[in-house]
file protein_22.pdb (PDB, C-alpha atoms and all ligand atoms)
ATOM      1  CA  MET A   1     -34.573 -81.966 -82.310  1.00  0.00           C
ATOM      2  CA  SER A   2     -35.812 -78.408 -81.842  1.00  0.00           C
ATOM      3  CA  LEU A   3     -36.605 -75.123 -83.502  1.00  0.00           C
ATOM      4  CA  LEU A   4     -35.997 -72.036 -81.391  1.00  0.00           C
ATOM      5  CA  VAL A   5     -37.394 -68.719 -82.544  1.00  0.00           C
ATOM      6  CA  SER A   6     -36.335 -65.849 -80.341  1.00  0.00           C
ATOM      7  CA  ASP A   7     -37.448 -62.227 -80.483  1.00  0.00           C
ATOM      8  CA  LEU A   8     -37.993 -62.432 -84.239  1.00  0.00           C
ATOM      9  CA  GLY A   9     -38.850 -59.255 -86.092  1.00  0.00           C
ATOM     10  CA  CYS A  10     -39.380 -58.427 -89.737  1.00  0.00           C
ATOM     11  CA  LEU A  11     -38.932 -55.180 -91.626  1.00  0.00           C
ATOM     12  CA  ARG A  12     -40.356 -55.165 -95.171  1.00  0.00           C
ATOM     13  CA  GLY A  13     -40.854 -52.233 -97.490  1.00  0.00           C
ATOM     14  CA  GLY A  14     -39.596 -49.943 -94.707  1.00  0.00           C
ATOM     15  CA  ARG A  15     -42.344 -51.116 -92.356  1.00  0.00           C
ATOM     16  CA  MET A  16     -42.112 -53.299 -89.278  1.00  0.00           C
ATOM     17  CA  ILE A  17     -44.450 -56.224 -90.013  1.00  0.00           C
ATOM     18  CA  PHE A  18     -44.087 -57.890 -86.594  1.00  0.00           C
ATOM     19  CA  SER A  19     -41.576 -57.936 -83.781  1.00  0.00           C
ATOM     20  CA  GLY A  20     -40.760 -59.800 -80.564  1.00  0.00           C
ATOM     21  CA  LEU A  21     -42.011 -63.148 -81.827  1.00  0.00           C
ATOM     22  CA  SER A  22     -40.691 -66.074 -79.775  1.00  0.00           C
ATOM     23  CA  PHE A  23     -41.674 -69.737 -79.759  1.00  0.00           C
ATOM     24  CA  GLU A  24     -40.158 -73.184 -79.570  1.00  0.00           C
ATOM     25  CA  VAL A  25     -41.006 -76.382 -81.424  1.00  0.00           C
ATOM     26  CA  ALA A  26     -39.793 -79.727 -80.086  1.00  0.00           C
ATOM     27  CA  ALA A  27     -39.638 -83.148 -81.727  1.00  0.00           C
ATOM     28  CA  GLY A  28     -43.134 -84.418 -82.503  1.00  0.00           C
ATOM     29  CA  GLU A  29     -44.739 -80.981 -82.212  1.00  0.00           C
ATOM     30  CA  LEU A  30     -46.714 -78.769 -84.543  1.00  0.00           C
ATOM     31  CA  THR A  31     -46.885 -75.006 -84.170  1.00  0.00           C
ATOM     32  CA  VAL A  32     -49.836 -73.335 -85.856  1.00  0.00           C
ATOM     33  CA  LEU A  33     -49.323 -69.695 -86.801  1.00  0.00           C
ATOM     34  CA  ARG A  34     -52.522 -67.732 -86.283  1.00  0.00           C
ATOM     35  CA  GLY A  35     -53.396 -64.142 -86.938  1.00  0.00           C
ATOM     36  CA  PRO A  36     -55.530 -61.895 -89.127  1.00  0.00           C
ATOM     37  CA  ASN A  37     -54.841 -61.281 -92.808  1.00  0.00           C
ATOM     38  CA  GLY A  38     -51.651 -59.295 -93.163  1.00  0.00           C
ATOM     39  CA  ALA A  39     -50.366 -60.140 -89.671  1.00  0.00           C
ATOM     40  CA  GLY A  40     -47.188 -61.682 -91.066  1.00  0.00           C
ATOM     41  CA  LYS A  41     -47.740 -65.468 -91.033  1.00  0.00           C
ATOM     42  CA  SER A  42     -46.435 -65.998 -94.575  1.00  0.00           C
ATOM     43  CA  THR A  43     -43.589 -63.592 -93.910  1.00  0.00           C
ATOM     44  CA  CYS A  44     -42.625 -65.506 -90.778  1.00  0.00           C
ATOM     45  CA  LEU A  45     -42.653 -68.850 -92.631  1.00  0.00           C
ATOM     46  CA  ARG A  46     -40.527 -67.431 -95.438  1.00  0.00           C
ATOM     47  CA  MET A  47     -38.042 -66.177 -92.863  1.00  0.00           C
ATOM     48  CA  LEU A  48     -37.870 -69.585 -91.187  1.00  0.00           C
ATOM     49  CA  ALA A  49     -37.327 -71.125 -94.624  1.00  0.00           C
ATOM     50  CA  GLY A  50     -34.397 -68.771 -95.218  1.00  0.00           C
ATOM     51  CA  LEU A  51     -36.104 -67.024 -98.127  1.00  0.00           C
ATOM     52  CA  ILE A  52     -36.210 -63.621 -96.400  1.00  0.00           C
ATOM     53  CA  PRO A  53     -33.308 -62.383 -94.263  1.00  0.00           C
ATOM     54  CA  VAL A  54     -33.928 -62.272 -90.521  1.00  0.00           C
ATOM     55  CA  THR A  55     -34.193 -58.604 -89.582  1.00  0.00           C
ATOM     56  CA  ASP A  56     -34.217 -58.991 -85.797  1.00  0.00           C
ATOM     57  CA  GLY A  57     -33.870 -61.927 -83.425  1.00  0.00           C
ATOM     58  CA  THR A  58     -32.585 -65.434 -83.999  1.00  0.00           C
ATOM     59  CA  VAL A  59     -33.745 -68.723 -85.522  1.00  0.00           C
ATOM     60  CA  THR A  60     -31.932 -71.892 -84.463  1.00  0.00           C
ATOM     61  CA  LEU A  61     -32.753 -75.302 -85.909  1.00  0.00           C
ATOM     62  CA  ASN A  62     -31.075 -78.295 -84.299  1.00  0.00           C
ATOM     63  CA  GLY A  63     -28.238 -76.076 -83.146  1.00  0.00           C
ATOM     64  CA  ALA A  64     -27.707 -74.360 -86.522  1.00  0.00           C
ATOM     65  CA  SER A  65     -28.419 -70.649 -86.679  1.00  0.00           C
ATOM     66  CA  LEU A  66     -30.199 -69.166 -89.689  1.00  0.00           C
ATOM     67  CA  GLY A  67     -27.757 -66.254 -89.813  1.00  0.00           C
ATOM     68  CA  ALA A  68     -24.475 -68.149 -89.470  1.00  0.00           C
ATOM     69  CA  ASP A  69     -25.394 -71.554 -90.928  1.00  0.00           C
ATOM     70  CA  HIS A  70     -27.994 -70.618 -93.519  1.00  0.00           C
ATOM     71  CA  ASP A  71     -27.448 -73.701 -95.727  1.00  0.00           C
ATOM     72  CA  ALA A  72     -27.456 -76.101 -92.774  1.00  0.00           C
ATOM     73  CA  VAL A  73     -30.856 -74.773 -91.727  1.00  0.00           C
ATOM     74  CA  GLN A  74     -32.288 -74.763 -95.257  1.00  0.00           C
ATOM     75  CA  GLU A  75     -31.193 -78.361 -95.852  1.00  0.00           C
ATOM     76  CA  GLN A  76     -33.351 -79.432 -92.902  1.00  0.00           C
ATOM     77  CA  THR A  77     -36.541 -77.704 -94.021  1.00  0.00           C
ATOM     78  CA  SER A  78     -39.245 -78.330 -96.608  1.00  0.00           C
ATOM     79  CA  TYR A  79     -41.258 -75.227 -97.440  1.00  0.00           C
ATOM     80  CA  ALA A  80     -44.591 -75.229 -99.272  1.00  0.00           C
ATOM     81  CA  GLY A  81     -45.949 -71.764 -99.999  1.00  0.00           C
ATOM     82  CA  HIS A  82     -48.961 -70.362-101.814  1.00  0.00           C
ATOM     83  CA  LEU A  83     -47.354 -70.937-105.195  1.00  0.00           C
ATOM     84  CA  ASP A  84     -47.011 -74.652-105.700  1.00  0.00           C
ATOM     85  CA  ALA A  85     -43.785 -74.468-107.788  1.00  0.00           C
ATOM     86  CA  ILE A  86     -45.365 -76.840-110.297  1.00  0.00           C
ATOM     87  CA  LYS A  87     -44.088 -77.013-113.878  1.00  0.00           C
ATOM     88  CA  PRO A  88     -47.365 -76.925-115.862  1.00  0.00           C
ATOM     89  CA  GLN A  89     -46.136 -78.669-119.026  1.00  0.00           C
ATOM     90  CA  MET A  90     -44.759 -81.635-117.095  1.00  0.00           C
ATOM     91  CA  SER A  91     -46.964 -84.497-115.944  1.00  0.00           C
ATOM     92  CA  VAL A  92     -47.736 -85.112-112.279  1.00  0.00           C
ATOM     93  CA  ALA A  93     -45.151 -87.929-112.159  1.00  0.00           C
ATOM     94  CA  GLU A  94     -42.536 -85.865-114.009  1.00  0.00           C
ATOM     95  CA  ASN A  95     -42.949 -83.011-111.538  1.00  0.00           C
ATOM     96  CA  LEU A  96     -42.514 -85.408-108.633  1.00  0.00           C
ATOM     97  CA  ARG A  97     -39.490 -87.092-110.260  1.00  0.00           C
ATOM     98  CA  PHE A  98     -37.848 -83.705-110.798  1.00  0.00           C
ATOM     99  CA  TRP A  99     -38.285 -82.813-107.116  1.00  0.00           C
ATOM    100  CA  ALA A 100     -37.331 -86.294-105.873  1.00  0.00           C
ATOM    101  CA  ARG A 101     -33.960 -86.017-107.584  1.00  0.00           C
ATOM    102  CA  ILE A 102     -33.075 -82.900-105.618  1.00  0.00           C
ATOM    103  CA  ASP A 103     -32.582 -84.966-102.458  1.00  0.00           C
ATOM    104  CA  ALA A 104     -32.051 -88.506-103.766  1.00  0.00           C
ATOM    105  CA  ASP A 105     -30.559 -90.267-106.751  1.00  0.00           C
ATOM    106  CA  GLY A 106     -31.850 -92.949-109.161  1.00  0.00           C
ATOM    107  CA  PRO A 107     -33.554 -95.842-107.398  1.00  0.00           C
ATOM    108  CA  GLN A 108     -34.166 -93.982-104.132  1.00  0.00           C
ATOM    109  CA  ALA A 109     -35.791 -91.111-106.013  1.00  0.00           C
ATOM    110  CA  ASP A 110     -37.975 -93.549-107.980  1.00  0.00           C
ATOM    111  CA  ALA A 111     -39.027 -95.335-104.782  1.00  0.00           C
ATOM    112  CA  ARG A 112     -39.947 -92.041-103.119  1.00  0.00           C
ATOM    113  CA  LEU A 113     -41.863 -90.989-106.228  1.00  0.00           C
ATOM    114  CA  ALA A 114     -43.915 -94.208-106.173  1.00  0.00           C
ATOM    115  CA  ASP A 115     -44.606 -93.819-102.445  1.00  0.00           C
ATOM    116  CA  ALA A 116     -45.648 -90.182-102.868  1.00  0.00           C
ATOM    117  CA  LEU A 117     -48.033 -91.014-105.721  1.00  0.00           C
ATOM    118  CA  ASP A 118     -49.692 -93.603-103.483  1.00  0.00           C
ATOM    119  CA  LEU A 119     -49.684 -91.607-100.281  1.00  0.00           C
ATOM    120  CA  TRP A 120     -51.235 -88.481-101.801  1.00  0.00           C
ATOM    121  CA  HIS A 121     -53.725 -90.438-103.976  1.00  0.00           C
ATOM    122  CA  LEU A 122     -52.071 -89.111-107.120  1.00  0.00           C
ATOM    123  CA  ALA A 123     -51.438 -92.434-108.901  1.00  0.00           C
ATOM    124  CA  PRO A 124     -54.517 -92.112-111.168  1.00  0.00           C
ATOM    125  CA  LEU A 125     -53.226 -88.681-112.225  1.00  0.00           C
ATOM    126  CA  ALA A 126     -49.589 -89.690-112.769  1.00  0.00           C
ATOM    127  CA  ASP A 127     -49.569 -89.075-116.550  1.00  0.00           C
ATOM    128  CA  ARG A 128     -51.788 -86.000-116.542  1.00  0.00           C
ATOM    129  CA  PRO A 129     -50.066 -82.710-117.452  1.00  0.00           C
ATOM    130  CA  ALA A 130     -50.012 -80.497-114.382  1.00  0.00           C
ATOM    131  CA  PHE A 131     -51.757 -77.673-116.270  1.00  0.00           C
ATOM    132  CA  ALA A 132     -54.750 -79.993-116.712  1.00  0.00           C
ATOM    133  CA  CYS A 133     -55.091 -80.689-112.978  1.00  0.00           C
ATOM    134  CA  SER A 134     -57.748 -78.994-110.873  1.00  0.00           C
ATOM    135  CA  ALA A 135     -56.786 -76.528-108.139  1.00  0.00           C
ATOM    136  CA  GLY A 136     -57.141 -79.167-105.423  1.00  0.00           C
ATOM    137  CA  GLN A 137     -55.191 -81.733-107.462  1.00  0.00           C
ATOM    138  CA  LYS A 138     -52.405 -79.188-107.995  1.00  0.00           C
ATOM    139  CA  ARG A 139     -52.354 -78.446-104.304  1.00  0.00           C
ATOM    140  CA  ARG A 140     -52.015 -82.160-103.494  1.00  0.00           C
ATOM    141  CA  LEU A 141     -49.202 -82.382-106.058  1.00  0.00           C
ATOM    142  CA  GLY A 142     -47.419 -79.428-104.443  1.00  0.00           C
ATOM    143  CA  LEU A 143     -47.780 -80.959-100.986  1.00  0.00           C
ATOM    144  CA  ALA A 144     -46.606 -84.383-102.200  1.00  0.00           C
ATOM    145  CA  ARG A 145     -43.181 -82.785-102.516  1.00  0.00           C
ATOM    146  CA  LEU A 146     -42.952 -83.084 -98.709  1.00  0.00           C
ATOM    147  CA  SER A 147     -42.839 -86.867 -99.056  1.00  0.00           C
ATOM    148  CA  LEU A 148     -39.945 -86.821-101.526  1.00  0.00           C
ATOM    149  CA  SER A 149     -37.310 -85.902 -98.992  1.00  0.00           C
ATOM    150  CA  ASP A 150     -36.582 -86.695 -95.411  1.00  0.00           C
ATOM    151  CA  ARG A 151     -36.339 -83.235 -93.949  1.00  0.00           C
ATOM    152  CA  PRO A 152     -37.253 -82.833 -90.277  1.00  0.00           C
ATOM    153  CA  LEU A 153     -39.025 -79.458 -90.388  1.00  0.00           C
ATOM    154  CA  TRP A 154     -42.050 -78.759 -92.598  1.00  0.00           C
ATOM    155  CA  LEU A 155     -43.016 -75.114 -93.116  1.00  0.00           C
ATOM    156  CA  LEU A 156     -46.440 -74.899 -94.713  1.00  0.00           C
ATOM    157  CA  ASP A 157     -48.386 -71.819 -95.737  1.00  0.00           C
ATOM    158  CA  GLU A 158     -52.154 -72.359 -95.824  1.00  0.00           C
ATOM    159  CA  PRO A 159     -51.677 -75.894 -97.145  1.00  0.00           C
ATOM    160  CA  THR A 160     -55.370 -76.808 -97.165  1.00  0.00           C
ATOM    161  CA  VAL A 161     -56.529 -74.071 -99.544  1.00  0.00           C
ATOM    162  CA  ALA A 162     -58.471 -75.710-102.432  1.00  0.00           C
ATOM    163  CA  LEU A 163     -58.482 -79.136-100.731  1.00  0.00           C
ATOM    164  CA  ASP A 164     -61.825 -80.903-100.256  1.00  0.00           C
ATOM    165  CA  ARG A 165     -62.785 -82.492 -96.939  1.00  0.00           C
ATOM    166  CA  ASP A 166     -61.249 -85.890 -97.729  1.00  0.00           C
ATOM    167  CA  ALA A 167     -58.020 -84.282 -98.905  1.00  0.00           C
ATOM    168  CA  VAL A 168     -57.815 -82.151 -95.745  1.00  0.00           C
ATOM    169  CA  ALA A 169     -58.237 -85.313 -93.654  1.00  0.00           C
ATOM    170  CA  LEU A 170     -55.549 -87.053 -95.731  1.00  0.00           C
ATOM    171  CA  PHE A 171     -53.217 -84.091 -95.279  1.00  0.00           C
ATOM    172  CA  ALA A 172     -53.820 -84.071 -91.497  1.00  0.00           C
ATOM    173  CA  ARG A 173     -52.998 -87.811 -91.301  1.00  0.00           C
ATOM    174  CA  ILE A 174     -49.764 -87.292 -93.230  1.00  0.00           C
ATOM    175  CA  VAL A 175     -48.715 -84.414 -90.952  1.00  0.00           C
ATOM    176  CA  GLN A 176     -49.584 -86.522 -87.905  1.00  0.00           C
ATOM    177  CA  ALA A 177     -47.390 -89.372 -89.197  1.00  0.00           C
ATOM    178  CA  HIS A 178     -44.544 -86.896 -89.761  1.00  0.00           C
ATOM    179  CA  LEU A 179     -44.880 -85.736 -86.133  1.00  0.00           C
ATOM    180  CA  ASP A 180     -45.222 -89.288 -84.830  1.00  0.00           C
ATOM    181  CA  ALA A 181     -41.834 -89.982 -86.433  1.00  0.00           C
ATOM    182  CA  GLY A 182     -40.370 -87.301 -84.154  1.00  0.00           C
ATOM    183  CA  ARG A 183     -40.323 -84.547 -86.776  1.00  0.00           C
ATOM    184  CA  MET A 184     -41.649 -80.989 -86.555  1.00  0.00           C
ATOM    185  CA  ALA A 185     -43.964 -78.665 -88.464  1.00  0.00           C
ATOM    186  CA  VAL A 186     -44.929 -74.996 -88.497  1.00  0.00           C
ATOM    187  CA  ILE A 187     -48.155 -74.336 -90.387  1.00  0.00           C
ATOM    188  CA  ALA A 188     -50.021 -71.107 -91.096  1.00  0.00           C
ATOM    189  CA  THR A 189     -53.708 -71.886 -91.360  1.00  0.00           C
ATOM    190  CA  HIS A 190     -57.093 -70.464 -90.465  1.00  0.00           C
ATOM    191  CA  ILE A 191     -58.681 -73.898 -89.923  1.00  0.00           C
ATOM    192  CA  ASP A 192     -58.434 -76.494 -87.172  1.00  0.00           C
ATOM    193  CA  LEU A 193     -56.510 -79.494 -88.471  1.00  0.00           C
ATOM    194  CA  GLY A 194     -57.426 -81.632 -85.462  1.00  0.00           C
ATOM    195  CA  ILE A 195     -53.792 -82.611 -84.948  1.00  0.00           C
ATOM    196  CA  LYS A 196     -52.504 -83.714 -81.563  1.00  0.00           C
ATOM    197  CA  ALA A 197     -49.522 -81.884 -80.078  1.00  0.00           C
ATOM    198  CA  ALA A 198     -50.488 -78.682 -81.883  1.00  0.00           C
ATOM    199  CA  ARG A 199     -49.791 -75.341 -80.268  1.00  0.00           C
ATOM    200  CA  ASP A 200     -51.063 -72.007 -81.497  1.00  0.00           C
ATOM    201  CA  VAL A 201     -48.797 -68.989 -81.818  1.00  0.00           C
ATOM    202  CA  GLN A 202     -50.488 -65.661 -82.465  1.00  0.00           C
ATOM    203  CA  ILE A 203     -48.808 -63.190 -84.769  1.00  0.00           C
ATOM    204  CA  ARG A 204     -49.998 -59.667 -84.284  1.00  0.00           C
ATOM    205  CA  PRO A 205     -49.156 -56.954 -86.777  1.00  0.00           C
ATOM    206  CA  ALA A 206     -46.876 -54.304 -85.325  1.00  0.00           C
ATOM    207  CA  THR A 207     -49.357 -51.438 -85.558  1.00  0.00           C
ATOM    208  CA  ALA A 208     -49.010 -50.003 -82.066  1.00  0.00           C
ATOM    209  CA  PRO A 209     -47.806 -46.401 -81.878  1.00  0.00           C
ATOM    210  CA  GLY A 210     -44.029 -46.461 -81.700  1.00  0.00           C
ATOM    211  CA  ALA A 211     -43.819 -49.947 -83.227  1.00  0.00           C
ATOM    212  CA  ALA A 212     -42.898 -48.605 -86.649  1.00  0.00           C
ATOM    213  CA  PRO A 213     -39.170 -47.971 -86.913  1.00  0.00           C
ATOM    214  CA  ASP A 214     -37.448 -44.919 -88.285  1.00  0.00           C
ATOM    215  CA  THR A 215     -37.523 -46.030 -91.914  1.00  0.00           C
ATOM    216  CA  ALA A 216     -34.660 -43.732 -92.945  1.00  0.00           C
ATOM    217  CA  ALA A 217     -32.457 -45.180 -90.227  1.00  0.00           C
ATOM    218  CA  ASN A 218     -33.418 -48.712 -91.203  1.00  0.00           C
ATOM    219  CA  ALA A 219     -33.325 -48.274 -94.973  1.00  0.00           C
ATOM    220  CA  ASP A 220     -30.006 -50.050 -95.320  1.00  0.00           C
ATOM    221  CA  ARG A 221     -31.322 -53.021 -93.314  1.00  0.00           C
ATOM    222  CA  ASP A 222     -34.382 -53.480 -95.494  1.00  0.00           C
ATOM    223  CA  PRO A 223     -33.690 -56.473 -97.737  1.00  0.00           C
ATOM    224  CA  PHE A 224     -36.314 -55.295-100.196  1.00  0.00           C
ATOM    225  CA  GLY A 225     -35.280 -51.666-100.325  1.00  0.00           C
ATOM    226  CA  GLY A 226     -38.957 -50.792-100.502  1.00  0.00           C
ATOM    227  CA  ASP A 227     -39.562 -52.916-103.581  1.00  0.00           C
ATOM    228  CA  TRP A 228     -42.975 -54.568-103.549  1.00  0.00           C
ATOM    229  CA  THR A 229     -41.893 -57.832-105.037  1.00  0.00           C
TER     230      THR A 229
HETATM  231  N1  LIG A 301     -42.732 -58.087-100.706  1.00  0.00           N
HETATM  232  C1  LIG A 301     -43.266 -57.322 -99.764  1.00  0.00           C
HETATM  233  N2  LIG A 301     -42.796 -56.092 -99.548  1.00  0.00           N
HETATM  234  C2  LIG A 301     -43.323 -55.321 -98.576  1.00  0.00           C
HETATM  235  N3  LIG A 301     -44.347 -55.698 -97.766  1.00  0.00           N
HETATM  236  C3  LIG A 301     -44.846 -56.919 -97.955  1.00  0.00           C
HETATM  237  C4  LIG A 301     -44.348 -57.801 -98.955  1.00  0.00           C
HETATM  238  N4  LIG A 301     -45.063 -58.944 -98.893  1.00  0.00           N
HETATM  239  C5  LIG A 301     -45.964 -58.776 -97.915  1.00  0.00           C
HETATM  240  N5  LIG A 301     -45.854 -57.563 -97.358  1.00  0.00           N
HETATM  241  C6  LIG A 301     -46.662 -57.031 -96.258  1.00  0.00           C
HETATM  242  O1  LIG A 301     -46.351 -57.765 -95.092  1.00  0.00           O
HETATM  243  C7  LIG A 301     -47.509 -57.880 -94.276  1.00  0.00           C
HETATM  244  C8  LIG A 301     -47.655 -59.337 -93.875  1.00  0.00           C
HETATM  245  O2  LIG A 301     -47.987 -60.096 -95.037  1.00  0.00           O
HETATM  246  P1  LIG A 301     -48.144 -61.675 -94.939  1.00  0.00           P
HETATM  247  O3  LIG A 301     -48.427 -62.156 -96.316  1.00  0.00           O
HETATM  248  O4  LIG A 301     -46.987 -62.235 -94.224  1.00  0.00           O
HETATM  249  O5  LIG A 301     -49.447 -61.807 -94.000  1.00  0.00           O
HETATM  250  P2  LIG A 301     -50.304 -63.086 -93.613  1.00  0.00           P
HETATM  251  O6  LIG A 301     -50.473 -63.060 -92.134  1.00  0.00           O
HETATM  252  O7  LIG A 301     -49.679 -64.310 -94.201  1.00  0.00           O
HETATM  253  O8  LIG A 301     -51.674 -62.756 -94.322  1.00  0.00           O
HETATM  254  P3  LIG A 301     -52.826 -63.682 -94.970  1.00  0.00           P
HETATM  255  O9  LIG A 301     -53.591 -64.286 -93.810  1.00  0.00           O
HETATM  256  O10 LIG A 301     -53.643 -62.690 -95.723  1.00  0.00           O
HETATM  257  O11 LIG A 301     -52.170 -64.700 -95.857  1.00  0.00           O
HETATM  258  C9  LIG A 301     -48.685 -57.343 -95.073  1.00  0.00           C
HETATM  259  O12 LIG A 301     -49.021 -56.069 -94.579  1.00  0.00           O
HETATM  260  C10 LIG A 301     -48.155 -57.238 -96.477  1.00  0.00           C
HETATM  261  O13 LIG A 301     -48.714 -56.158 -97.176  1.00  0.00           O
END
call {"tool": "encode", "arguments": {"input": "protein_22.pdb", "output": "structure tokens", "more": "lines below"}}
Ligand SMILES: Nc1ncnc2c1ncn2[C@@H]1O[C@H](COP(=O)(O)OP(=O)(O)OP(=O)(O)O)[C@@H](O)[C@H]1O
result
Amino acid sequence: MSLLVSDLGCLRGGRMIFSGLSFEVAAGELTVLRGPNGAGKSTCLRMLAGLIPVTDGTVTLNGASLGADHDAVQEQTSYAGHLDAIKPQMSVAENLRFWARIDADGPQADARLADALDLWHLAPLADRPAFACSAGQKRRLGLARLSLSDRPLWLLDEPTVALDRDAVALFARIVQAHLDAGRMAVIATHIDLGIKAARDVQIRPATAPGAAPDTAANADRDPFGGDWT
């Protein structure tokens, strides 16, 4: 099991965000994306998750390339971004059931739902509408989605925001168990999660003179066409 990121670059809004980013994640390993605000950590994670087209370089997950085998890569990843993708009118359990049924049917989905409620200490909140949950509770609900499927690569963007100390420790234990099972994770965070087998990768914004591309020449390669979406 491996993730190979080679010479990755990203052009957004006609601007090179970063370029020449290379790293490798093996089974049981965590890569922590570091860098100042605006460096491109979220952008990188969204690229790895197949949500933004790869501008330059290659991403290969277990032999499948993000360009050629987009679906095969996406089916092996679980992405949790800043927005928790929670449906506010649905209860905690209903949100989890909805997500569980994406990757499993009937009894298996129900079993995963019960396990996730337990694992993420959400059982006492099962019937609470998501809109009535606190920020930290919502974050735990969003992260519990990771436990509803069996995907080998977790891509997590600042997952500990709004979590209290106990919840951060719980999260770190769950990530460690995922790695101990031979899986992989890439996490953007500013804190130290205290996880074994973690390696830092620095992302530096491409601000050096000459780093910015000729935007006119690259306009047709810009997936956003300059739209600030
Ligand atoms: N939709 C977009 N269109 C154009 N540029 C964007 C878009 N989204 C983000 N950017 C720019 O890309 C750069 C990298 O943003 P990104 O969110 O990846 O940084 P980050 O390292 O995750 O920052 P932070 O630590 O603040 O979360 C920033 O300069 C940002 O303004």
call {"tool": "atom_distance", "arguments": {"input": "protein_22.pdb", "atom1": "CA of Met90 (chain A)", "atom2": "CA of Ala130 (chain A)"}}
result
6.0 Å
call {"tool": "residues_near_ligand", "arguments": {"input": "protein_22.pdb", "ligand": "ligand LIG 301 (chain A)", "cutoff": "6 Å", "atoms": "all atoms listed in the file", "output": "list in words"}}
result
Arg12, Gly13, Ile17, Pro36, Asn37, Gly38, Ala39, Gly40, Lys41, Ser42, Thr43, Trp228 and Thr229 of chain A
call {"tool": "write_last_selection", "arguments": {"input": "protein_22.pdb", "atoms": "C-alpha atoms", "output": "compact mmCIF listing (two decimals), in the coordinates of the input"}}
result
# COMPACT_ATOMS: atom_id res chain seq x y z
CA ARG A 12 -40.36 -55.16 -95.17
CA GLY A 13 -40.85 -52.23 -97.49
CA ILE A 17 -44.45 -56.22 -90.01
CA PRO A 36 -55.53 -61.90 -89.13
CA ASN A 37 -54.84 -61.28 -92.81
CA GLY A 38 -51.65 -59.30 -93.16
CA ALA A 39 -50.37 -60.14 -89.67
CA GLY A 40 -47.19 -61.68 -91.07
CA LYS A 41 -47.74 -65.47 -91.03
CA SER A 42 -46.44 -66.00 -94.58
CA THR A 43 -43.59 -63.59 -93.91
CA TRP A 228 -42.98 -54.57 -103.55
CA THR A 229 -41.89 -57.83 -105.04
call {"tool": "closest_residue", "arguments": {"input": "protein_22.pdb", "among": "A:Arg34, A:Leu148, A:Leu141, A:Leu155", "to": "Gly50 (chain A)", "atoms": "only C-alpha atoms"}}
result
A:Leu155
call {"tool": "closest_residue", "arguments": {"input": "protein_22.pdb", "among": "A:Ala132, A:Cys10, A:Leu153, A:Gly57", "to": "Val73 (chain A)", "atoms": "all atoms listed in the file"}}
result
A:Leu153
call {"tool": "residues_around", "arguments": {"input": "protein_22.pdb", "residues": "Phe171 (chain A)", "least_positions_apart": "4", "cutoff": "12 Å", "atoms": "only C-alpha atoms", "output": "VMD selection string"}}
result
chain A and resid 119 to 121 136 139 to 144 146 to 147 156 158 to 161 163 to 167 175 to 178 193 to 195
call {"tool": "closest_residue", "arguments": {"input": "protein_22.pdb", "among": "A:Gln74, A:Ser2, A:Asp103, A:His82", "to": "Leu30 (chain A)", "atoms": "only C-alpha atoms"}}
result
A:Ser2
call {"tool": "atom_distance", "arguments": {"input": "protein_22.pdb", "atom1": "CA of Leu83 (chain A)", "atom2": "CA of Ile52 (chain A)"}}
result
16.0 Å
call {"tool": "resolve_selection", "arguments": {"input": "protein_22.pdb", "expression": "the PyMOL selection byres (((chain A and resi 94-97) around 12) and not hetatm)", "output": "ChimeraX atom specification"}}
result
/A:84-93,98-117,120,122-123,125-131,138,140-149
call {"tool": "atom_distance", "arguments": {"input": "protein_22.pdb", "atom1": "CA of Met184 (chain A)", "atom2": "CA of Ser78 (chain A)"}}
result
10.7 Å
call {"tool": "closest_residue", "arguments": {"input": "protein_22.pdb", "among": "A:Asp180, A:Asp7, A:Asp157, A:Asp118", "to": "Lys196 (chain A)", "atoms": "only C-alpha atoms"}}
result
A:Asp180
call {"tool": "residues_around", "arguments": {"input": "protein_22.pdb", "residues": "Asp56 (chain A)", "least_positions_apart": "3", "cutoff": "12 Å", "atoms": "only C-alpha atoms", "output": "number ranges by chain"}}
result
A: 5-12, 16-22, 44, 47, 52-53, 59, 66-67, 218, 221-222
call {"tool": "closest_residue", "arguments": {"input": "protein_22.pdb", "among": "A:Ala169, A:Cys133, A:Val201, A:Ile174", "to": "Val32 (chain A)", "atoms": "all atoms listed in the file"}}
result
A:Val201
call {"tool": "closest_residue", "arguments": {"input": "protein_22.pdb", "among": "A:Ala198, A:Ala135, A:Leu51, A:Met1", "to": "Val186 (chain A)", "atoms": "all atoms listed in the file"}}
result
A:Ala198
call {"tool": "residues_around", "arguments": {"input": "protein_22.pdb", "residues": "Val25 (chain A)", "least_positions_apart": "2", "cutoff": "8 Å", "atoms": "only C-alpha atoms", "output": "CSV table (one decimal) with C-alpha atoms, in the frame of the given file"}}
result
chain,number,residue,atom,x,y,z
A,2,SER,CA,-35.8,-78.4,-81.8
A,3,LEU,CA,-36.6,-75.1,-83.5
A,4,LEU,CA,-36.0,-72.0,-81.4
A,23,PHE,CA,-41.7,-69.7,-79.8
A,27,ALA,CA,-39.6,-83.1,-81.7
A,29,GLU,CA,-44.7,-81.0,-82.2
A,30,LEU,CA,-46.7,-78.8,-84.5
A,31,THR,CA,-46.9,-75.0,-84.2
A,184,MET,CA,-41.6,-81.0,-86.6
A,185,ALA,CA,-44.0,-78.7,-88.5
